[in-house]
Structure formats: structure tokens, C-alpha cells
$ cat coords.cif   # mmCIF, C-alpha atoms
data_start
#
loop_
_atom_site.group_PDB
_atom_site.id
_atom_site.type_symbol
_atom_site.label_atom_id
_atom_site.label_comp_id
_atom_site.auth_asym_id
_atom_site.auth_seq_id
_atom_site.Cartn_x
_atom_site.Cartn_y
_atom_site.Cartn_z
ATOM 1 C CA MET T 1232 -104.785 66.788 -7.978
ATOM 2 C CA HIS T 1233 -103.821 63.138 -7.677
ATOM 3 C CA ALA T 1234 -102.026 62.126 -4.474
ATOM 4 C CA ILE T 1235 -99.706 60.087 -6.706
ATOM 5 C CA PRO T 1236 -99.451 61.053 -10.393
ATOM 6 C CA PRO T 1237 -100.828 58.212 -12.557
ATOM 7 C CA GLU T 1238 -97.580 58.092 -14.555
ATOM 8 C CA GLN T 1239 -95.833 56.925 -11.386
ATOM 9 C CA ILE T 1240 -98.104 53.857 -11.202
ATOM 10 C CA THR T 1241 -97.966 50.672 -13.287
ATOM 11 C CA GLY T 1242 -101.188 48.669 -13.460
ATOM 12 C CA LEU T 1243 -101.193 44.868 -13.426
ATOM 13 C CA VAL T 1244 -104.115 42.642 -14.410
ATOM 14 C CA LEU T 1245 -103.887 39.274 -12.660
ATOM 15 C CA ALA T 1246 -104.866 36.488 -15.061
ATOM 16 C CA GLY T 1247 -102.507 33.763 -13.873
ATOM 17 C CA GLY T 1248 -104.942 31.534 -11.976
ATOM 18 C CA ARG T 1249 -105.875 27.995 -12.894
ATOM 19 C CA GLY T 1250 -109.605 28.798 -13.184
ATOM 20 C CA SER T 1251 -110.481 25.702 -11.189
ATOM 21 C CA ARG T 1252 -114.033 26.880 -10.432
ATOM 22 C CA MET T 1253 -114.564 27.338 -14.175
ATOM 23 C CA GLY T 1254 -113.420 23.797 -14.873
ATOM 24 C CA GLY T 1255 -109.802 24.738 -15.495
ATOM 25 C CA ILE T 1256 -110.403 27.032 -18.455
ATOM 26 C CA ASP T 1257 -108.411 30.252 -18.805
ATOM 27 C CA LYS T 1258 -110.671 32.704 -17.009
ATOM 28 C CA GLY T 1259 -109.101 35.855 -18.420
ATOM 29 C CA LEU T 1260 -109.971 34.811 -21.978
ATOM 30 C CA GLN T 1261 -113.683 34.198 -21.309
ATOM 31 C CA LEU T 1262 -115.869 36.742 -23.086
ATOM 32 C CA HIS T 1263 -117.729 39.539 -21.326
ATOM 33 C CA LEU T 1264 -119.632 41.992 -23.529
ATOM 34 C CA GLY T 1265 -117.825 40.510 -26.519
ATOM 35 C CA ARG T 1266 -114.304 40.977 -25.130
ATOM 36 C CA PRO T 1267 -112.056 38.769 -22.996
ATOM 37 C CA LEU T 1268 -112.392 39.495 -19.276
ATOM 38 C CA ALA T 1269 -108.701 40.389 -19.019
ATOM 39 C CA LEU T 1270 -109.048 42.936 -21.834
ATOM 40 C CA GLN T 1271 -112.083 44.487 -20.110
ATOM 41 C CA ALA T 1272 -110.002 44.849 -16.946
ATOM 42 C CA LEU T 1273 -107.079 46.327 -18.902
ATOM 43 C CA LEU T 1274 -109.297 48.917 -20.575
ATOM 44 C CA ARG T 1275 -110.788 49.904 -17.214
ATOM 45 C CA LEU T 1276 -107.404 50.123 -15.504
ATOM 46 C CA GLN T 1277 -105.520 51.891 -18.308
ATOM 47 C CA PRO T 1278 -106.913 55.421 -17.736
ATOM 48 C CA GLN T 1279 -106.085 55.157 -14.023
ATOM 49 C CA VAL T 1280 -102.343 54.450 -14.381
ATOM 50 C CA GLY T 1281 -99.325 55.292 -16.506
ATOM 51 C CA ALA T 1282 -98.611 51.833 -17.941
ATOM 52 C CA VAL T 1283 -100.308 48.443 -17.848
ATOM 53 C CA MET T 1284 -99.254 44.796 -18.052
ATOM 54 C CA VAL T 1285 -100.757 41.342 -17.581
ATOM 55 C CA ASN T 1286 -99.752 38.422 -15.390
ATOM 56 C CA ALA T 1287 -100.633 35.122 -17.124
ATOM 57 C CA ASN T 1288 -99.294 31.574 -17.109
ATOM 58 C CA ARG T 1289 -100.751 30.103 -20.317
ATOM 59 C CA ASN T 1290 -102.020 31.267 -23.704
ATOM 60 C CA LEU T 1291 -99.382 33.990 -23.508
ATOM 61 C CA GLY T 1292 -99.798 34.857 -27.187
ATOM 62 C CA ALA T 1293 -103.496 35.576 -26.689
ATOM 63 C CA TYR T 1294 -102.693 37.952 -23.850
ATOM 64 C CA ALA T 1295 -99.825 39.554 -25.770
ATOM 65 C CA SER T 1296 -102.282 40.324 -28.572
ATOM 66 C CA MET T 1297 -103.933 42.764 -26.152
ATOM 67 C CA GLY T 1298 -100.940 45.007 -26.804
ATOM 68 C CA VAL T 1299 -99.294 45.091 -23.382
ATOM 69 C CA PRO T 1300 -96.370 43.207 -21.762
ATOM 70 C CA VAL T 1301 -97.265 39.764 -20.360
ATOM 71 C CA TRP T 1302 -95.341 38.200 -17.475
ATOM 72 C CA PRO T 1303 -95.778 34.684 -16.038
ATOM 73 C CA ASP T 1304 -95.659 34.020 -12.294
ATOM 74 C CA ALA T 1305 -92.235 34.663 -10.850
ATOM 75 C CA LEU T 1306 -92.555 31.481 -8.764
ATOM 76 C CA ALA T 1307 -93.702 29.082 -11.475
ATOM 77 C CA SER T 1308 -90.125 28.250 -12.445
ATOM 78 C CA GLY T 1309 -89.666 26.729 -9.001
ATOM 79 C CA GLY T 1310 -91.900 23.840 -9.990
ATOM 80 C CA GLU T 1311 -95.078 25.103 -8.316
ATOM 81 C CA SER T 1312 -97.900 25.693 -10.786
ATOM 82 C CA TYR T 1313 -100.361 28.539 -10.143
ATOM 83 C CA PRO T 1314 -99.076 29.502 -6.681
ATOM 84 C CA GLY T 1315 -101.641 32.298 -6.304
ATOM 85 C CA PRO T 1316 -101.931 36.063 -6.675
ATOM 86 C CA LEU T 1317 -98.831 36.897 -4.634
ATOM 87 C CA ALA T 1318 -96.749 35.229 -7.344
ATOM 88 C CA GLY T 1319 -98.423 37.571 -9.810
ATOM 89 C CA PHE T 1320 -97.662 40.531 -7.534
ATOM 90 C CA LEU T 1321 -94.019 39.445 -7.492
ATOM 91 C CA ALA T 1322 -93.890 39.176 -11.282
ATOM 92 C CA GLY T 1323 -95.396 42.646 -11.523
ATOM 93 C CA LEU T 1324 -92.944 44.160 -9.057
ATOM 94 C CA ALA T 1325 -90.034 42.506 -10.870
ATOM 95 C CA HIS T 1326 -91.027 44.293 -14.095
ATOM 96 C CA CYS T 1327 -92.423 47.515 -12.642
ATOM 97 C CA GLY T 1328 -90.578 50.573 -13.910
ATOM 98 C CA THR T 1329 -92.503 53.010 -11.702
ATOM 99 C CA PRO T 1330 -92.490 53.683 -7.944
ATOM 100 C CA TYR T 1331 -95.906 52.034 -7.491
ATOM 101 C CA LEU T 1332 -97.812 48.973 -8.704
ATOM 102 C CA ALA T 1333 -101.615 48.697 -8.775
ATOM 103 C CA THR T 1334 -103.187 45.239 -9.103
ATOM 104 C CA VAL T 1335 -106.652 44.065 -10.141
ATOM 105 C CA PRO T 1336 -107.946 40.564 -10.927
ATOM 106 C CA CYS T 1337 -109.128 39.751 -14.438
ATOM 107 C CA ASP T 1338 -112.537 38.473 -13.300
ATOM 108 C CA THR T 1339 -114.033 41.707 -11.912
ATOM 109 C CA PRO T 1340 -114.740 43.896 -14.953
ATOM 110 C CA ASN T 1341 -116.757 46.612 -13.170
ATOM 111 C CA PHE T 1342 -114.276 47.672 -10.495
ATOM 112 C CA PRO T 1343 -114.446 51.412 -9.685
ATOM 113 C CA ALA T 1344 -113.127 53.878 -12.237
ATOM 114 C CA ASP T 1345 -111.543 55.818 -9.352
ATOM 115 C CA LEU T 1346 -110.042 52.724 -7.668
ATOM 116 C CA VAL T 1347 -106.379 53.663 -8.065
ATOM 117 C CA GLU T 1348 -106.920 57.346 -7.270
ATOM 118 C CA ARG T 1349 -108.651 56.506 -3.974
ATOM 119 C CA LEU T 1350 -106.075 53.888 -3.012
ATOM 120 C CA ALA T 1351 -103.296 56.378 -3.739
ATOM 121 C CA ALA T 1352 -104.950 59.069 -1.609
ATOM 122 C CA ALA T 1353 -105.224 56.676 1.340
ATOM 123 C CA LEU T 1354 -101.666 55.424 0.923
ATOM 124 C CA VAL T 1355 -100.237 58.945 0.996
ATOM 125 C CA ALA T 1356 -102.546 60.210 3.754
ATOM 126 C CA GLY T 1357 -101.705 57.256 5.988
ATOM 127 C CA GLY T 1358 -97.985 57.168 5.259
ATOM 128 C CA ALA T 1359 -98.603 53.598 4.122
ATOM 129 C CA GLU T 1360 -96.656 51.265 1.807
ATOM 130 C CA ILE T 1361 -99.735 49.452 0.550
ATOM 131 C CA ALA T 1362 -103.426 50.318 0.260
ATOM 132 C CA VAL T 1363 -106.146 47.711 -0.237
ATOM 133 C CA ALA T 1364 -109.791 48.008 -1.214
ATOM 134 C CA ALA T 1365 -112.657 46.819 0.955
ATOM 135 C CA THR T 1366 -116.447 46.718 0.726
ATOM 136 C CA LEU T 1367 -119.291 46.878 3.247
ATOM 137 C CA GLU T 1368 -121.389 43.729 3.135
ATOM 138 C CA GLY T 1369 -124.065 43.152 5.740
ATOM 139 C CA GLY T 1370 -122.537 45.867 7.864
ATOM 140 C CA GLN T 1371 -119.175 44.094 7.873
ATOM 141 C CA VAL T 1372 -115.994 45.332 6.203
ATOM 142 C CA GLN T 1373 -114.901 42.752 3.638
ATOM 143 C CA VAL T 1374 -111.321 43.237 2.455
ATOM 144 C CA GLN T 1375 -110.698 42.803 -1.299
ATOM 145 C CA PRO T 1376 -106.928 42.283 -1.053
ATOM 146 C CA VAL T 1377 -106.137 41.656 -4.731
ATOM 147 C CA PHE T 1378 -107.302 45.216 -5.456
ATOM 148 C CA CYS T 1379 -104.322 47.053 -4.103
ATOM 149 C CA LEU T 1380 -101.697 49.700 -4.646
ATOM 150 C CA MET T 1381 -98.201 49.045 -3.337
ATOM 151 C CA ALA T 1382 -94.808 50.687 -3.288
ATOM 152 C CA ALA T 1383 -92.356 48.942 -5.612
ATOM 153 C CA THR T 1384 -89.857 48.900 -2.742
ATOM 154 C CA LEU T 1385 -91.874 46.043 -1.183
ATOM 155 C CA VAL T 1386 -90.402 43.570 -3.680
ATOM 156 C CA ASP T 1387 -87.850 42.192 -1.205
ATOM 157 C CA SER T 1388 -90.437 41.767 1.545
ATOM 158 C CA LEU T 1389 -92.750 39.927 -0.837
ATOM 159 C CA ALA T 1390 -89.959 37.720 -2.174
ATOM 160 C CA ALA T 1391 -89.037 36.664 1.372
ATOM 161 C CA PHE T 1392 -92.697 36.021 2.265
ATOM 162 C CA THR T 1393 -93.331 33.814 -0.772
ATOM 163 C CA GLN T 1394 -90.008 31.995 -0.489
ATOM 164 C CA ALA T 1395 -91.129 30.935 2.980
ATOM 165 C CA GLY T 1396 -94.047 29.141 1.287
ATOM 166 C CA LEU T 1397 -96.634 31.695 2.409
ATOM 167 C CA ARG T 1398 -99.381 32.605 -0.046
ATOM 168 C CA LYS T 1399 -102.128 34.670 1.650
ATOM 169 C CA VAL T 1400 -102.323 38.218 0.303
ATOM 170 C CA GLU T 1401 -103.936 39.660 3.423
ATOM 171 C CA CYS T 1402 -101.292 38.192 5.737
ATOM 172 C CA TRP T 1403 -98.496 39.767 3.705
ATOM 173 C CA ALA T 1404 -100.277 43.117 3.393
ATOM 174 C CA ASN T 1405 -100.854 43.249 7.150
ATOM 175 C CA GLN T 1406 -97.106 42.894 7.736
ATOM 176 C CA GLN T 1407 -96.597 46.213 5.939
ATOM 177 C CA ARG T 1408 -97.819 49.719 6.739
ATOM 178 C CA CYS T 1409 -101.262 49.116 5.241
ATOM 179 C CA ALA T 1410 -104.218 51.423 4.575
ATOM 180 C CA THR T 1411 -107.736 50.158 3.836
ATOM 181 C CA VAL T 1412 -110.197 52.001 1.601
ATOM 182 C CA VAL T 1413 -113.879 51.089 1.967
ATOM 183 C CA PHE T 1414 -115.910 51.427 -1.240
ATOM 184 C CA SER T 1415 -119.674 51.798 -0.864
ATOM 185 C CA ASP T 1416 -120.564 49.984 -4.111
ATOM 186 C CA ALA T 1417 -120.001 46.310 -3.312
ATOM 187 C CA ASP T 1418 -121.486 45.325 -6.693
ATOM 188 C CA ALA T 1419 -118.498 46.933 -8.428
ATOM 189 C CA PHE T 1420 -116.369 44.155 -6.931
ATOM 190 C CA PHE T 1421 -118.606 41.278 -8.064
ATOM 191 C CA ASN T 1422 -116.281 38.695 -9.590
ATOM 192 C CA ALA T 1423 -116.930 35.851 -11.990
ATOM 193 C CA ASN T 1424 -115.437 32.791 -10.342
ATOM 194 C CA THR T 1425 -117.792 30.432 -12.188
ATOM 195 C CA LEU T 1426 -119.452 30.403 -15.597
ATOM 196 C CA ASP T 1427 -122.806 31.049 -13.873
ATOM 197 C CA GLU T 1428 -121.363 34.145 -12.206
ATOM 198 C CA LEU T 1429 -119.979 35.301 -15.547
ATOM 199 C CA GLN T 1430 -123.484 34.923 -16.977
ATOM 200 C CA GLN T 1431 -124.814 37.091 -14.135
ATOM 201 C CA LEU T 1432 -122.520 39.903 -15.285
ATOM 202 C CA GLN T 1433 -124.102 39.998 -18.739
ATOM 203 C CA PRO T 1434 -126.819 42.601 -19.403
ATOM 204 C CA ARG T 1435 -130.347 41.310 -19.027
#

$ encode --input "coords.cif" --output "C-alpha cells"
Amino acid sequence: MHAIPPEQITGLVLAGGRGSRMGGIDKGLQLHLGRPLALQALLRLQPQVGAVMVNANRNLGAYASMGVPVWPDALASGGESYPGPLAGFLAGLAHCGTPYLATVPCDTPNFPADLVERLAAALVAGGAEIAVAATLEGGQVQVQPVFCLMAATLVDSLAAFTQAGLRKVECWANQQRCATVVFSDADAFFNANTLDELQQLQPR
């Protein structure tokens, strides 16, 4: 049994960044195994949730062709371009028709197939409002804050946080009742920030 039924969770793929470490290209549209990174993430997230959508700020038609709703950053209209993942969270919460929102970045195509289920279990067990993934690297817990599950009721808290000009995901999450889930497979969270890293993800 799932701690939270998947149909109560909307999944959001975050593809709204400026891709500065890839030279400004649209990271979510770069190919991995013959498909755009964002589509790979969507296909991996889809079985874990009830509905999926994408957060993107350019090439909206290309993302829409993936067959899911596409929403730009909620903060972009304020004149700030690419204000970071929290703006994507806010866009997702604004259009979330379920009690929970799960977020993943577009550049980590091999994230765990049980990511949302484990985050949901921790959220319920801990009486938390948000659950975030973490990995063990060199014996240290490394939080992966853009992999998270949050209650949709946090929309007002997040709006106030971002309106104050604050942008750090971890700082906002730590202001809530937050649970952390440590995943043993750190490689599953390897992300392609650069074209070289994207090449590393390709099969040898």
C-alpha cells in the first residue's frame, strides 16, 4: 500500500533553468538515449504519480509536444528571468489539482523509480509537510532538495518566501515540517549540468 495514493500526487519536471553551464542552451531539450532529457524525466516520473506537467520558460511548444501541460515560472512576469527552482515549484503549486506535488529536475534521468513512494512514506510517517531526497557521499548526507514531495497547502508559504527575494530551496524547506529520505544509490542522482556530464550519462 502507498502511504499516499499516486492519484493524489501531481508530478512536475523542472526545465525552467537558463542552462548557463551548458552555454545557455535549453537543457531539457538536449538528447539522452535519443529523447530530450525532460521527456526522459517525464516518462520516469509518470508511473509514480497521478498526473504530470512541465515547468519551462522557453521553447514552450517543444515541451507541449510531450503531451503534458507546460507552465512558465510564476515569478518571471515580475521582470526577473530564470529566478530558480522555487519559481518552478510555485508555478507547479499554482496549477496543482491534487493535495501533493512531487518535483524532479530535467537533468537527472536515472532518479529512483520508487522516489515518490519513499518520499510519501517519510512525509506521512513524520507528520511532515515536505519530504526531500538525500544521498550518502563520502559518508556525508548530501541533500538533493529539488527532488521533493510537498503538500499543496504550502503555496502561501512559498509565495511569501519568494516575494521576499529568497531563492534557496533548502532554506525554504527547512522552515516547514521537513522529512529527509536518504537513498543509497548516489549514482541515480547524477545530473547533467554540462555537455560533458551529459556525455557521461550515455552508454559506453

$ closest_residue --input "coords.cif" --among "T:Pro1330, T:Gly1255, T:Gly1265, T:Pro1278" --to "Ile1361 of chain T" --atoms "all atoms listed in the file"
T:Pro1330

$ closest_residue --input "coords.cif" --among "T:Ala1344, T:Ala1246, T:Leu1429, T:Cys1337" --to "Arg1289 of chain T" --atoms "all atoms listed in the file"
T:Ala1246

$ atom_distance --input "coords.cif" --atom1 "atom CA of Ser1296 of chain T" --atom2 "atom CA of Ala1419 of chain T"
26.7 Å

$ atom_distance --input "coords.cif" --atom1 "atom CA of Ala1325 of chain T" --atom2 "atom CA of Gln1261 of chain T"
27.2 Å

$ resolve_selection --input "coords.cif" --expression "the PyMOL selection byres ((chain T and resi 1299) around 9)" --output "mmCIF file with C-alpha atoms, in the coordinates of the input"
data_model
loop_
_atom_site.group_PDB
_atom_site.id
_atom_site.type_symbol
_atom_site.label_atom_id
_atom_site.label_comp_id
_atom_site.auth_asym_id
_atom_site.auth_seq_id
_atom_site.Cartn_x
_atom_site.Cartn_y
_atom_site.Cartn_z
ATOM 1 C CA ALA T 1282 -98.611 51.833 -17.941
ATOM 2 C CA VAL T 1283 -100.308 48.443 -17.848
ATOM 3 C CA MET T 1284 -99.254 44.796 -18.052
ATOM 4 C CA VAL T 1285 -100.757 41.342 -17.581
ATOM 5 C CA TYR T 1294 -102.693 37.952 -23.850
ATOM 6 C CA ALA T 1295 -99.825 39.554 -25.770
ATOM 7 C CA SER T 1296 -102.282 40.324 -28.572
ATOM 8 C CA MET T 1297 -103.933 42.764 -26.152
ATOM 9 C CA GLY T 1298 -100.940 45.007 -26.804
ATOM 10 C CA PRO T 1300 -96.370 43.207 -21.762
ATOM 11 C CA VAL T 1301 -97.265 39.764 -20.360
#

$ residues_around --input "coords.cif" --residues "Ala1365 of chain T" --least-positions-apart "6" --cutoff "7 Å" --atoms "only C-alpha atoms" --output "list in words"
Val1372, Gln1373, Val1374, Gln1375, Thr1411, Val1412, Val1413 and Phe1414 of chain T

$ residues_near_point --input "coords.cif" --point "(-116.5, 35.8, -23.3)" --cutoff "12 Å" --atoms "all atoms listed in the file" --output "PyMOL selection string"
chain T and resi 1256-1271+1338+1340+1423+1426+1429-1430+1432-1433

$ write_last_selection --input "coords.cif" --atoms "C-alpha atoms" --output "PDB file, keeping the file's coordinate frame"
ATOM      1  CA  ILE T1256    -110.403  27.032 -18.455  1.00  0.00           C
ATOM      2  CA  ASP T1257    -108.411  30.252 -18.805  1.00  0.00           C
ATOM      3  CA  LYS T1258    -110.671  32.704 -17.009  1.00  0.00           C
ATOM      4  CA  GLY T1259    -109.101  35.855 -18.420  1.00  0.00           C
ATOM      5  CA  LEU T1260    -109.971  34.811 -21.978  1.00  0.00           C
ATOM      6  CA  GLN T1261    -113.683  34.198 -21.309  1.00  0.00           C
ATOM      7  CA  LEU T1262    -115.869  36.742 -23.086  1.00  0.00           C
ATOM      8  CA  HIS T1263    -117.729  39.539 -21.326  1.00  0.00           C
ATOM      9  CA  LEU T1264    -119.632  41.992 -23.529  1.00  0.00           C
ATOM     10  CA  GLY T1265    -117.825  40.510 -26.519  1.00  0.00           C
ATOM     11  CA  ARG T1266    -114.304  40.977 -25.130  1.00  0.00           C
ATOM     12  CA  PRO T1267    -112.056  38.769 -22.996  1.00  0.00           C
ATOM     13  CA  LEU T1268    -112.392  39.495 -19.276  1.00  0.00           C
ATOM     14  CA  ALA T1269    -108.701  40.389 -19.019  1.00  0.00           C
ATOM     15  CA  LEU T1270    -109.048  42.936 -21.834  1.00  0.00           C
ATOM     16  CA  GLN T1271    -112.083  44.487 -20.110  1.00  0.00           C
ATOM     17  CA  ASP T1338    -112.537  38.473 -13.300  1.00  0.00           C
ATOM     18  CA  PRO T1340    -114.740  43.896 -14.953  1.00  0.00           C
ATOM     19  CA  ALA T1423    -116.930  35.851 -11.990  1.00  0.00           C
ATOM     20  CA  LEU T1426    -119.452  30.403 -15.597  1.00  0.00           C
ATOM     21  CA  LEU T1429    -119.979  35.301 -15.547  1.00  0.00           C
ATOM     22  CA  GLN T1430    -123.484  34.923 -16.977  1.00  0.00           C
ATOM     23  CA  LEU T1432    -122.520  39.903 -15.285  1.00  0.00           C
ATOM     24  CA  GLN T1433    -124.102  39.998 -18.739  1.00  0.00           C
TER      25      GLN T1433
END

$ resolve_selection --input "coords.cif" --expression "the PyMOL selection byres ((chain T and resi 1356) around 12)" --output "PyMOL selection string"
chain T and resi 1233-1235+1349-1355+1357-1362+1408-1412

$ atom_distance --input "coords.cif" --atom1 "atom CA of Ala1417 of chain T" --atom2 "atom CA of Leu1321 of chain T"
27.2 Å

$ closest_residue --input "coords.cif" --among "T:Phe1342, T:Trp1403, T:Phe1378, T:Phe1421" --to "Leu1317 of chain T" --atoms "all atoms listed in the file"
T:Trp1403

$ residues_near_point --input "coords.cif" --point "(-103.0, 29.7, -1.9)" --cutoff "10 Å" --atoms "only C-alpha atoms" --output "list of chain:residue names"
T:Tyr1313, T:Pro1314, T:Gly1315, T:Pro1316, T:Leu1317, T:Ala1318, T:Gly1396, T:Leu1397, T:Arg1398, T:Lys1399, T:Val1400

$ write_last_selection --input "coords.cif" --atoms "C-alpha atoms" --output "PDB file, in the coordinates of the input"
ATOM      1  CA  TYR T1313    -100.361  28.539 -10.143  1.00  0.00           C
ATOM      2  CA  PRO T1314     -99.076  29.502  -6.681  1.00  0.00           C
ATOM      3  CA  GLY T1315    -101.641  32.298  -6.304  1.00  0.00           C
ATOM      4  CA  PRO T1316    -101.931  36.063  -6.675  1.00  0.00           C
ATOM      5  CA  LEU T1317     -98.831  36.897  -4.634  1.00  0.00           C
ATOM      6  CA  ALA T1318     -96.749  35.229  -7.344  1.00  0.00           C
ATOM      7  CA  GLY T1396     -94.047  29.141   1.287  1.00  0.00           C
ATOM      8  CA  LEU T1397     -96.634  31.695   2.409  1.00  0.00           C
ATOM      9  CA  ARG T1398     -99.381  32.605  -0.046  1.00  0.00           C
ATOM     10  CA  LYS T1399    -102.128  34.670   1.650  1.00  0.00           C
ATOM     11  CA  VAL T1400    -102.323  38.218   0.303  1.00  0.00           C
TER      12      VAL T1400
END

$ closest_residue --input "coords.cif" --among "T:Ala1293, T:Leu1367, T:Leu1346, T:Ile1240" --to "Ser1415 of chain T" --atoms "all atoms listed in the file"
T:Leu1367

$ resolve_selection --input "coords.cif" --expression "the PyMOL selection byres ((chain T and resi 1388) around 12)" --output "count of residues only"
25

$ closest_residue --input "coords.cif" --among "T:Ala1364, T:Leu1276, T:Val1377, T:Cys1402" --to "Leu1245 of chain T" --atoms "all atoms listed in the file"
T:Val1377

$ closest_residue --input "coords.cif" --among "T:Gln1371, T:Gln1431, T:Asn1422, T:Asn1286" --to "Asn1341 of chain T" --atoms "only C-alpha atoms"
T:Asn1422

$ build_atoms --input "coords.cif" --residues "segment 1338-1363 of chain T" --atoms "N, CA and C atoms" --output "short mmCIF file (atom, residue, chain, number, x, y, z; two decimals), in the coordinates of the input"
data_model
loop_
_atom_site.label_atom_id
_atom_site.label_comp_id
_atom_site.auth_asym_id
_atom_site.auth_seq_id
_atom_site.Cartn_x
_atom_site.Cartn_y
_atom_site.Cartn_z
N ASP T 1338 -111.15 38.97 -13.29
CA ASP T 1338 -112.54 38.47 -13.30
C ASP T 1338 -113.55 39.45 -12.71
N THR T 1339 -113.14 40.71 -12.52
CA THR T 1339 -114.03 41.71 -11.91
C THR T 1339 -114.07 42.93 -12.82
N PRO T 1340 -114.85 42.87 -13.91
CA PRO T 1340 -114.74 43.90 -14.95
C PRO T 1340 -115.31 45.26 -14.59
N ASN T 1341 -116.09 45.35 -13.50
CA ASN T 1341 -116.76 46.61 -13.17
C ASN T 1341 -116.16 47.32 -11.97
N PHE T 1342 -114.89 47.02 -11.65
CA PHE T 1342 -114.28 47.67 -10.50
C PHE T 1342 -114.29 49.19 -10.69
N PRO T 1343 -114.24 49.96 -9.58
CA PRO T 1343 -114.45 51.41 -9.68
C PRO T 1343 -113.45 52.11 -10.61
N ALA T 1344 -113.97 53.09 -11.33
CA ALA T 1344 -113.13 53.88 -12.24
C ALA T 1344 -112.18 54.80 -11.47
N ASP T 1345 -112.44 55.00 -10.17
CA ASP T 1345 -111.54 55.82 -9.35
C ASP T 1345 -110.78 54.96 -8.34
N LEU T 1346 -110.69 53.66 -8.60
CA LEU T 1346 -110.04 52.72 -7.67
C LEU T 1346 -108.63 53.17 -7.31
N VAL T 1347 -107.79 53.37 -8.32
CA VAL T 1347 -106.38 53.66 -8.06
C VAL T 1347 -106.23 55.03 -7.41
N GLU T 1348 -107.01 56.00 -7.85
CA GLU T 1348 -106.92 57.35 -7.27
C GLU T 1348 -107.23 57.31 -5.78
N ARG T 1349 -108.27 56.56 -5.39
CA ARG T 1349 -108.65 56.51 -3.97
C ARG T 1349 -107.64 55.71 -3.15
N LEU T 1350 -107.11 54.64 -3.72
CA LEU T 1350 -106.08 53.89 -3.01
C LEU T 1350 -104.83 54.75 -2.82
N ALA T 1351 -104.47 55.52 -3.83
CA ALA T 1351 -103.30 56.38 -3.74
C ALA T 1351 -103.49 57.45 -2.67
N ALA T 1352 -104.67 58.04 -2.60
CA ALA T 1352 -104.95 59.07 -1.61
C ALA T 1352 -104.80 58.51 -0.19
N ALA T 1353 -105.31 57.29 0.01
CA ALA T 1353 -105.22 56.68 1.34
C ALA T 1353 -103.79 56.30 1.68
N LEU T 1354 -103.06 55.81 0.69
CA LEU T 1354 -101.67 55.42 0.92
C LEU T 1354 -100.85 56.63 1.37
N VAL T 1355 -101.00 57.74 0.67
CA VAL T 1355 -100.24 58.94 1.00
C VAL T 1355 -100.70 59.53 2.33
N ALA T 1356 -102.01 59.61 2.53
CA ALA T 1356 -102.55 60.21 3.75
C ALA T 1356 -102.13 59.42 4.99
N GLY T 1357 -102.04 58.11 4.84
CA GLY T 1357 -101.70 57.26 5.99
C GLY T 1357 -100.23 56.94 6.12
N GLY T 1358 -99.40 57.50 5.23
CA GLY T 1358 -97.98 57.17 5.26
C GLY T 1358 -97.76 55.67 5.09
N ALA T 1359 -98.61 55.06 4.27
CA ALA T 1359 -98.60 53.60 4.12
C ALA T 1359 -97.71 53.17 2.95
N GLU T 1360 -97.41 51.86 2.91
CA GLU T 1360 -96.66 51.26 1.81
C GLU T 1360 -97.58 50.52 0.85
N ILE T 1361 -98.77 50.19 1.35
CA ILE T 1361 -99.74 49.45 0.55
C ILE T 1361 -101.14 49.89 0.96
N ALA T 1362 -102.03 50.00 -0.01
CA ALA T 1362 -103.43 50.32 0.26
C ALA T 1362 -104.29 49.26 -0.41
N VAL T 1363 -105.27 48.75 0.31
CA VAL T 1363 -106.15 47.71 -0.24
C VAL T 1363 -107.59 48.17 -0.20
#
